[in-house]
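Here is the structure we will look at.
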Amino acid sequence: MKDLIHYPPNEVEWLNTLDELVHDRELKYQCADLYQAGVEDETELLSAIRHANQSLFRSGLNPHHYIKPLFVTAVESGQTYHDWKMSAAGFLLVLFSANQSSRKFNRFKIALINRLLEDADRSD
């Protein structure tokens, strides 16, 4: 029997892997951060994530570079649930796509907008 020859992955596969690793490093936010911001309804959260993904896709951007699905298993119960990891831009897209009526959520959005505007003024 002949020996099997193991060929290294081609350059395109290496570059794709590297590209994914670079983008994955930016995914620092999770759904828990949105719940802390005042998102109370899981259905609304799913709708906001879907809307943000559509916006990214329609902009010609890869949604997985901004919002990436994640499956988490609870060790105690063995149950698996769906979560998302998001970059700062993905987090903001989801946040501004959410339609929540709670005072906490809307104050958080306004405070965030004010902070972004202050930072922009300082950089000018």
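Identifiers for the structure tokens are assigned positionally: chains receive A, B, ... in sequence, residues are indexed from 1 per chain, and ligands are indexed from 1 in the order shown.
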
Item to check | Test item, alpha helix (DSSP H) assignment across chain A, answer as an MDAnalysis selection string | outcome: chainID A and resid 11:24 31:36 42:58 88:97 103:123

Checklist entry - Hey, what's within 12 Å of Leu56 in chain A if we count only C-alpha atoms and toss same-chain stuff fewer than 4 positions away? As a ChimeraX atom specification, please? => result /A:49-52,60-67,89-90,93-94

Quick one: write out the picked residues with N, CA and C atoms as an mmCIF file, in the first residue's frame?
```cif
data_model
loop_
_atom_site.group_PDB
_atom_site.id
_atom_site.type_symbol
_atom_site.label_atom_id
_atom_site.label_comp_id
_atom_site.auth_asym_id
_atom_site.auth_seq_id
_atom_site.Cartn_x
_atom_site.Cartn_y
_atom_site.Cartn_z
ATOM 1 N N ILE A 49 -31.513 41.354 15.924
ATOM 2 C CA ILE A 49 -30.336 40.675 15.366
ATOM 3 C C ILE A 49 -30.562 40.381 13.886
ATOM 4 N N ARG A 50 -31.731 39.913 13.545
ATOM 5 C CA ARG A 50 -32.063 39.633 12.148
ATOM 6 C C ARG A 50 -31.977 40.913 11.307
ATOM 7 N N HIS A 51 -32.521 41.999 11.824
ATOM 8 C CA HIS A 51 -32.488 43.282 11.107
ATOM 9 C C HIS A 51 -31.051 43.773 10.934
ATOM 10 N N ALA A 52 -30.239 43.658 11.977
ATOM 11 C CA ALA A 52 -28.833 44.082 11.896
ATOM 12 C C ALA A 52 -28.074 43.236 10.877
ATOM 13 N N GLY A 60 -23.124 44.915 1.786
ATOM 14 C CA GLY A 60 -22.017 44.207 1.151
ATOM 15 C C GLY A 60 -20.967 43.731 2.140
ATOM 16 N N LEU A 61 -21.328 43.711 3.433
ATOM 17 C CA LEU A 61 -20.399 43.276 4.472
ATOM 18 C C LEU A 61 -20.747 41.863 4.926
ATOM 19 N N ASN A 62 -19.771 41.155 5.460
ATOM 20 C CA ASN A 62 -19.996 39.810 5.970
ATOM 21 C C ASN A 62 -20.575 39.915 7.379
ATOM 22 N N PRO A 63 -21.842 39.548 7.567
ATOM 23 C CA PRO A 63 -22.454 39.666 8.898
ATOM 24 C C PRO A 63 -21.708 38.911 9.990
ATOM 25 N N HIS A 64 -21.054 37.785 9.645
ATOM 26 C CA HIS A 64 -20.336 37.002 10.658
ATOM 27 C C HIS A 64 -19.113 37.736 11.205
ATOM 28 N N HIS A 65 -18.685 38.777 10.534
ATOM 29 C CA HIS A 65 -17.576 39.570 11.065
ATOM 30 C C HIS A 65 -18.059 40.524 12.158
ATOM 31 N N TYR A 66 -19.368 40.695 12.270
ATOM 32 C CA TYR A 66 -19.949 41.631 13.229
ATOM 33 C C TYR A 66 -20.831 40.945 14.266
ATOM 34 N N ILE A 67 -21.578 39.933 13.831
ATOM 35 C CA ILE A 67 -22.507 39.209 14.703
ATOM 36 C C ILE A 67 -22.381 37.734 14.347
ATOM 37 N N ALA A 89 -19.405 47.389 16.624
ATOM 38 C CA ALA A 89 -20.323 47.850 15.573
ATOM 39 C C ALA A 89 -21.560 46.958 15.507
ATOM 40 N N GLY A 90 -21.381 45.651 15.635
ATOM 41 C CA GLY A 90 -22.520 44.733 15.634
ATOM 42 C C GLY A 90 -23.438 44.978 16.815
ATOM 43 N N LEU A 93 -25.418 48.103 16.091
ATOM 44 C CA LEU A 93 -26.450 47.833 15.079
ATOM 45 C C LEU A 93 -27.643 47.115 15.699
ATOM 46 N N VAL A 94 -27.378 46.116 16.515
ATOM 47 C CA VAL A 94 -28.473 45.377 17.161
ATOM 48 C C VAL A 94 -29.204 46.295 18.141
#
```

Item to check | Exercise: Glu44 in chain A partners within 12 Å, only C-alpha atoms, chain neighbours under 4 positions left out, as a PyMOL selection string | outcome: chain A and resi 31+34-35+38-40+48-51+94-101

Export, as a PDB file, in the first residue's frame, the selected residues with N, CA, C and O atoms.
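The result, stored in selection37.pdb:
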```pdb
ATOM      1  N   CYS A  31     -25.247  38.696  24.092  1.00  0.00           N
ATOM      2  CA  CYS A  31     -26.634  39.093  24.349  1.00  0.00           C
ATOM      3  C   CYS A  31     -26.818  39.582  25.773  1.00  0.00           C
ATOM      4  O   CYS A  31     -27.642  40.464  26.023  1.00  0.00           O
ATOM      5  N   LEU A  34     -26.752  43.195  25.962  1.00  0.00           N
ATOM      6  CA  LEU A  34     -27.973  43.854  25.502  1.00  0.00           C
ATOM      7  C   LEU A  34     -29.059  43.794  26.573  1.00  0.00           C
ATOM      8  O   LEU A  34     -29.810  44.748  26.750  1.00  0.00           O
ATOM      9  N   TYR A  35     -29.132  42.682  27.293  1.00  0.00           N
ATOM     10  CA  TYR A  35     -30.105  42.591  28.386  1.00  0.00           C
ATOM     11  C   TYR A  35     -29.772  43.605  29.481  1.00  0.00           C
ATOM     12  O   TYR A  35     -30.661  44.227  30.051  1.00  0.00           O
ATOM     13  N   GLY A  38     -31.061  46.972  28.766  1.00  0.00           N
ATOM     14  CA  GLY A  38     -32.499  47.184  28.908  1.00  0.00           C
ATOM     15  C   GLY A  38     -33.360  46.422  27.917  1.00  0.00           C
ATOM     16  O   GLY A  38     -34.576  46.566  27.931  1.00  0.00           O
ATOM     17  N   VAL A  39     -32.770  45.622  27.037  1.00  0.00           N
ATOM     18  CA  VAL A  39     -33.579  44.785  26.153  1.00  0.00           C
ATOM     19  C   VAL A  39     -34.229  43.730  27.026  1.00  0.00           C
ATOM     20  O   VAL A  39     -33.548  43.001  27.741  1.00  0.00           O
ATOM     21  N   GLU A  40     -35.546  43.675  27.006  1.00  0.00           N
ATOM     22  CA  GLU A  40     -36.271  42.780  27.911  1.00  0.00           C
ATOM     23  C   GLU A  40     -36.945  41.617  27.197  1.00  0.00           C
ATOM     24  O   GLU A  40     -37.251  40.617  27.814  1.00  0.00           O
ATOM     25  N   ALA A  48     -34.167  42.165  16.252  1.00  0.00           N
ATOM     26  CA  ALA A  48     -33.121  43.179  16.097  1.00  0.00           C
ATOM     27  C   ALA A  48     -31.855  42.568  15.498  1.00  0.00           C
ATOM     28  O   ALA A  48     -31.206  43.179  14.639  1.00  0.00           O
ATOM     29  N   ILE A  49     -31.513  41.354  15.924  1.00  0.00           N
ATOM     30  CA  ILE A  49     -30.336  40.675  15.366  1.00  0.00           C
ATOM     31  C   ILE A  49     -30.562  40.381  13.886  1.00  0.00           C
ATOM     32  O   ILE A  49     -29.678  40.594  13.050  1.00  0.00           O
ATOM     33  N   ARG A  50     -31.731  39.913  13.545  1.00  0.00           N
ATOM     34  CA  ARG A  50     -32.063  39.633  12.148  1.00  0.00           C
ATOM     35  C   ARG A  50     -31.977  40.913  11.307  1.00  0.00           C
ATOM     36  O   ARG A  50     -31.399  40.925  10.223  1.00  0.00           O
ATOM     37  N   HIS A  51     -32.521  41.999  11.824  1.00  0.00           N
ATOM     38  CA  HIS A  51     -32.488  43.282  11.107  1.00  0.00           C
ATOM     39  C   HIS A  51     -31.051  43.773  10.934  1.00  0.00           C
ATOM     40  O   HIS A  51     -30.665  44.238   9.862  1.00  0.00           O
ATOM     41  N   VAL A  94     -27.378  46.116  16.515  1.00  0.00           N
ATOM     42  CA  VAL A  94     -28.473  45.377  17.161  1.00  0.00           C
ATOM     43  C   VAL A  94     -29.204  46.295  18.141  1.00  0.00           C
ATOM     44  O   VAL A  94     -30.436  46.345  18.161  1.00  0.00           O
ATOM     45  N   LEU A  95     -28.442  47.045  18.911  1.00  0.00           N
ATOM     46  CA  LEU A  95     -29.044  47.942  19.904  1.00  0.00           C
ATOM     47  C   LEU A  95     -29.986  48.952  19.240  1.00  0.00           C
ATOM     48  O   LEU A  95     -31.110  49.156  19.691  1.00  0.00           O
ATOM     49  N   PHE A  96     -29.530  49.550  18.157  1.00  0.00           N
ATOM     50  CA  PHE A  96     -30.354  50.562  17.496  1.00  0.00           C
ATOM     51  C   PHE A  96     -31.450  49.942  16.627  1.00  0.00           C
ATOM     52  O   PHE A  96     -32.360  50.644  16.191  1.00  0.00           O
ATOM     53  N   SER A  97     -31.376  48.642  16.383  1.00  0.00           N
ATOM     54  CA  SER A  97     -32.437  47.951  15.648  1.00  0.00           C
ATOM     55  C   SER A  97     -33.544  47.466  16.582  1.00  0.00           C
ATOM     56  O   SER A  97     -34.634  47.141  16.122  1.00  0.00           O
ATOM     57  N   ALA A  98     -33.237  47.412  17.869  1.00  0.00           N
ATOM     58  CA  ALA A  98     -34.227  46.932  18.843  1.00  0.00           C
ATOM     59  C   ALA A  98     -35.301  47.994  19.062  1.00  0.00           C
ATOM     60  O   ALA A  98     -35.021  49.182  19.075  1.00  0.00           O
ATOM     61  N   ASN A  99     -36.513  47.529  19.240  1.00  0.00           N
ATOM     62  CA  ASN A  99     -37.644  48.425  19.459  1.00  0.00           C
ATOM     63  C   ASN A  99     -38.214  48.146  20.844  1.00  0.00           C
ATOM     64  O   ASN A  99     -39.140  47.376  20.996  1.00  0.00           O
ATOM     65  N   GLN A 100     -37.611  48.743  21.839  1.00  0.00           N
ATOM     66  CA  GLN A 100     -38.028  48.551  23.223  1.00  0.00           C
ATOM     67  C   GLN A 100     -38.667  49.828  23.740  1.00  0.00           C
ATOM     68  O   GLN A 100     -38.240  50.925  23.395  1.00  0.00           O
ATOM     69  N   SER A 101     -39.655  49.677  24.592  1.00  0.00           N
ATOM     70  CA  SER A 101     -40.323  50.862  25.122  1.00  0.00           C
ATOM     71  C   SER A 101     -39.911  51.170  26.561  1.00  0.00           C
ATOM     72  O   SER A 101     -40.377  52.159  27.120  1.00  0.00           O
TER      73      SER A 101
END
```

Checklist entry - Skipping near chain neighbours, those fewer than 4 positions away, what residues fall within 10 Å of range 81-83 of chain A using only C-alpha atoms, listed as a PyMOL selection string? => result chain A and resi 30-32+68-74

Selection export as a compact mmCIF listing (two decimals), in the first residue's frame, atoms kept: C-alpha atoms:
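New file result18.txt:
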```txt
# COMPACT_ATOMS: atom_id res chain seq x y z
CA GLN A 30 -22.87 39.03 23.96
CA CYS A 31 -26.63 39.09 24.35
CA ALA A 32 -26.16 39.51 28.11
CA LYS A 68 -21.69 35.53 15.01
CA PRO A 69 -24.00 32.76 16.25
CA LEU A 70 -22.73 30.77 19.18
CA PHE A 71 -23.99 27.65 20.93
CA VAL A 72 -23.41 27.44 24.67
CA THR A 73 -23.86 24.34 26.80
CA ALA A 74 -24.63 24.68 30.50
```

Next on the checklist: as a PyMOL selection string, please: every residue in chain A that a backbone DSSP assignment puts in strand (DSSP E).
Outcome noted: chain A and resi 29-30+67-73+80-86

The selected residues should be written to file as a compact mmCIF listing (two decimals), in the first residue's frame (atoms: N, CA, C and O atoms).
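And here is the file that came out, again.txt:
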```txt
# COMPACT_ATOMS: atom_id res chain seq x y z
N TYR A 29 -18.79 41.34 22.64
CA TYR A 29 -20.08 41.55 23.29
C TYR A 29 -20.96 40.33 23.10
O TYR A 29 -20.81 39.58 22.14
N GLN A 30 -21.91 40.14 24.03
CA GLN A 30 -22.87 39.03 23.96
C GLN A 30 -24.27 39.56 24.23
O GLN A 30 -24.45 40.73 24.60
N ILE A 67 -21.58 39.93 13.83
CA ILE A 67 -22.51 39.21 14.70
C ILE A 67 -22.38 37.73 14.35
O ILE A 67 -22.66 37.34 13.22
N LYS A 68 -21.95 36.94 15.31
CA LYS A 68 -21.69 35.53 15.01
C LYS A 68 -22.50 34.64 15.96
O LYS A 68 -22.46 34.83 17.17
N PRO A 69 -23.24 33.67 15.40
CA PRO A 69 -24.00 32.76 16.25
C PRO A 69 -23.06 31.89 17.08
O PRO A 69 -21.95 31.58 16.66
N LEU A 70 -23.53 31.52 18.23
CA LEU A 70 -22.73 30.77 19.18
C LEU A 70 -23.66 29.82 19.93
O LEU A 70 -24.77 30.20 20.30
N PHE A 71 -23.23 28.60 20.13
CA PHE A 71 -23.99 27.65 20.93
C PHE A 71 -23.26 27.43 22.24
O PHE A 71 -22.07 27.17 22.26
N VAL A 72 -23.99 27.57 23.34
CA VAL A 72 -23.41 27.44 24.67
C VAL A 72 -24.10 26.28 25.38
O VAL A 72 -25.32 26.16 25.33
N THR A 73 -23.31 25.45 26.04
CA THR A 73 -23.86 24.34 26.80
C THR A 73 -23.64 24.59 28.28
O THR A 73 -22.52 24.85 28.71
N THR A 80 -28.24 23.05 25.83
CA THR A 80 -27.55 23.92 24.89
C THR A 80 -28.50 25.05 24.52
O THR A 80 -29.69 24.83 24.28
N TYR A 81 -27.98 26.27 24.49
CA TYR A 81 -28.79 27.40 24.06
C TYR A 81 -28.00 28.25 23.09
O TYR A 81 -26.79 28.15 22.98
N HIS A 82 -28.74 29.06 22.37
CA HIS A 82 -28.19 29.89 21.31
C HIS A 82 -27.84 31.26 21.87
O HIS A 82 -28.62 31.85 22.59
N ASP A 83 -26.69 31.76 21.52
CA ASP A 83 -26.26 33.10 21.91
C ASP A 83 -25.56 33.72 20.70
O ASP A 83 -25.44 33.08 19.66
N TRP A 84 -25.12 34.94 20.83
CA TRP A 84 -24.39 35.62 19.76
C TRP A 84 -23.23 36.37 20.37
O TRP A 84 -23.33 36.90 21.47
N LYS A 85 -22.14 36.42 19.63
CA LYS A 85 -21.02 37.28 19.99
C LYS A 85 -21.04 38.41 18.97
O LYS A 85 -21.32 38.19 17.79
N MET A 86 -20.73 39.62 19.44
CA MET A 86 -20.83 40.79 18.56
C MET A 86 -19.61 41.69 18.72
O MET A 86 -19.06 41.81 19.82
```

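The space separating CA of Arg122 in chain A from CA of Phe105 in chain A comes to 25.9 Å.
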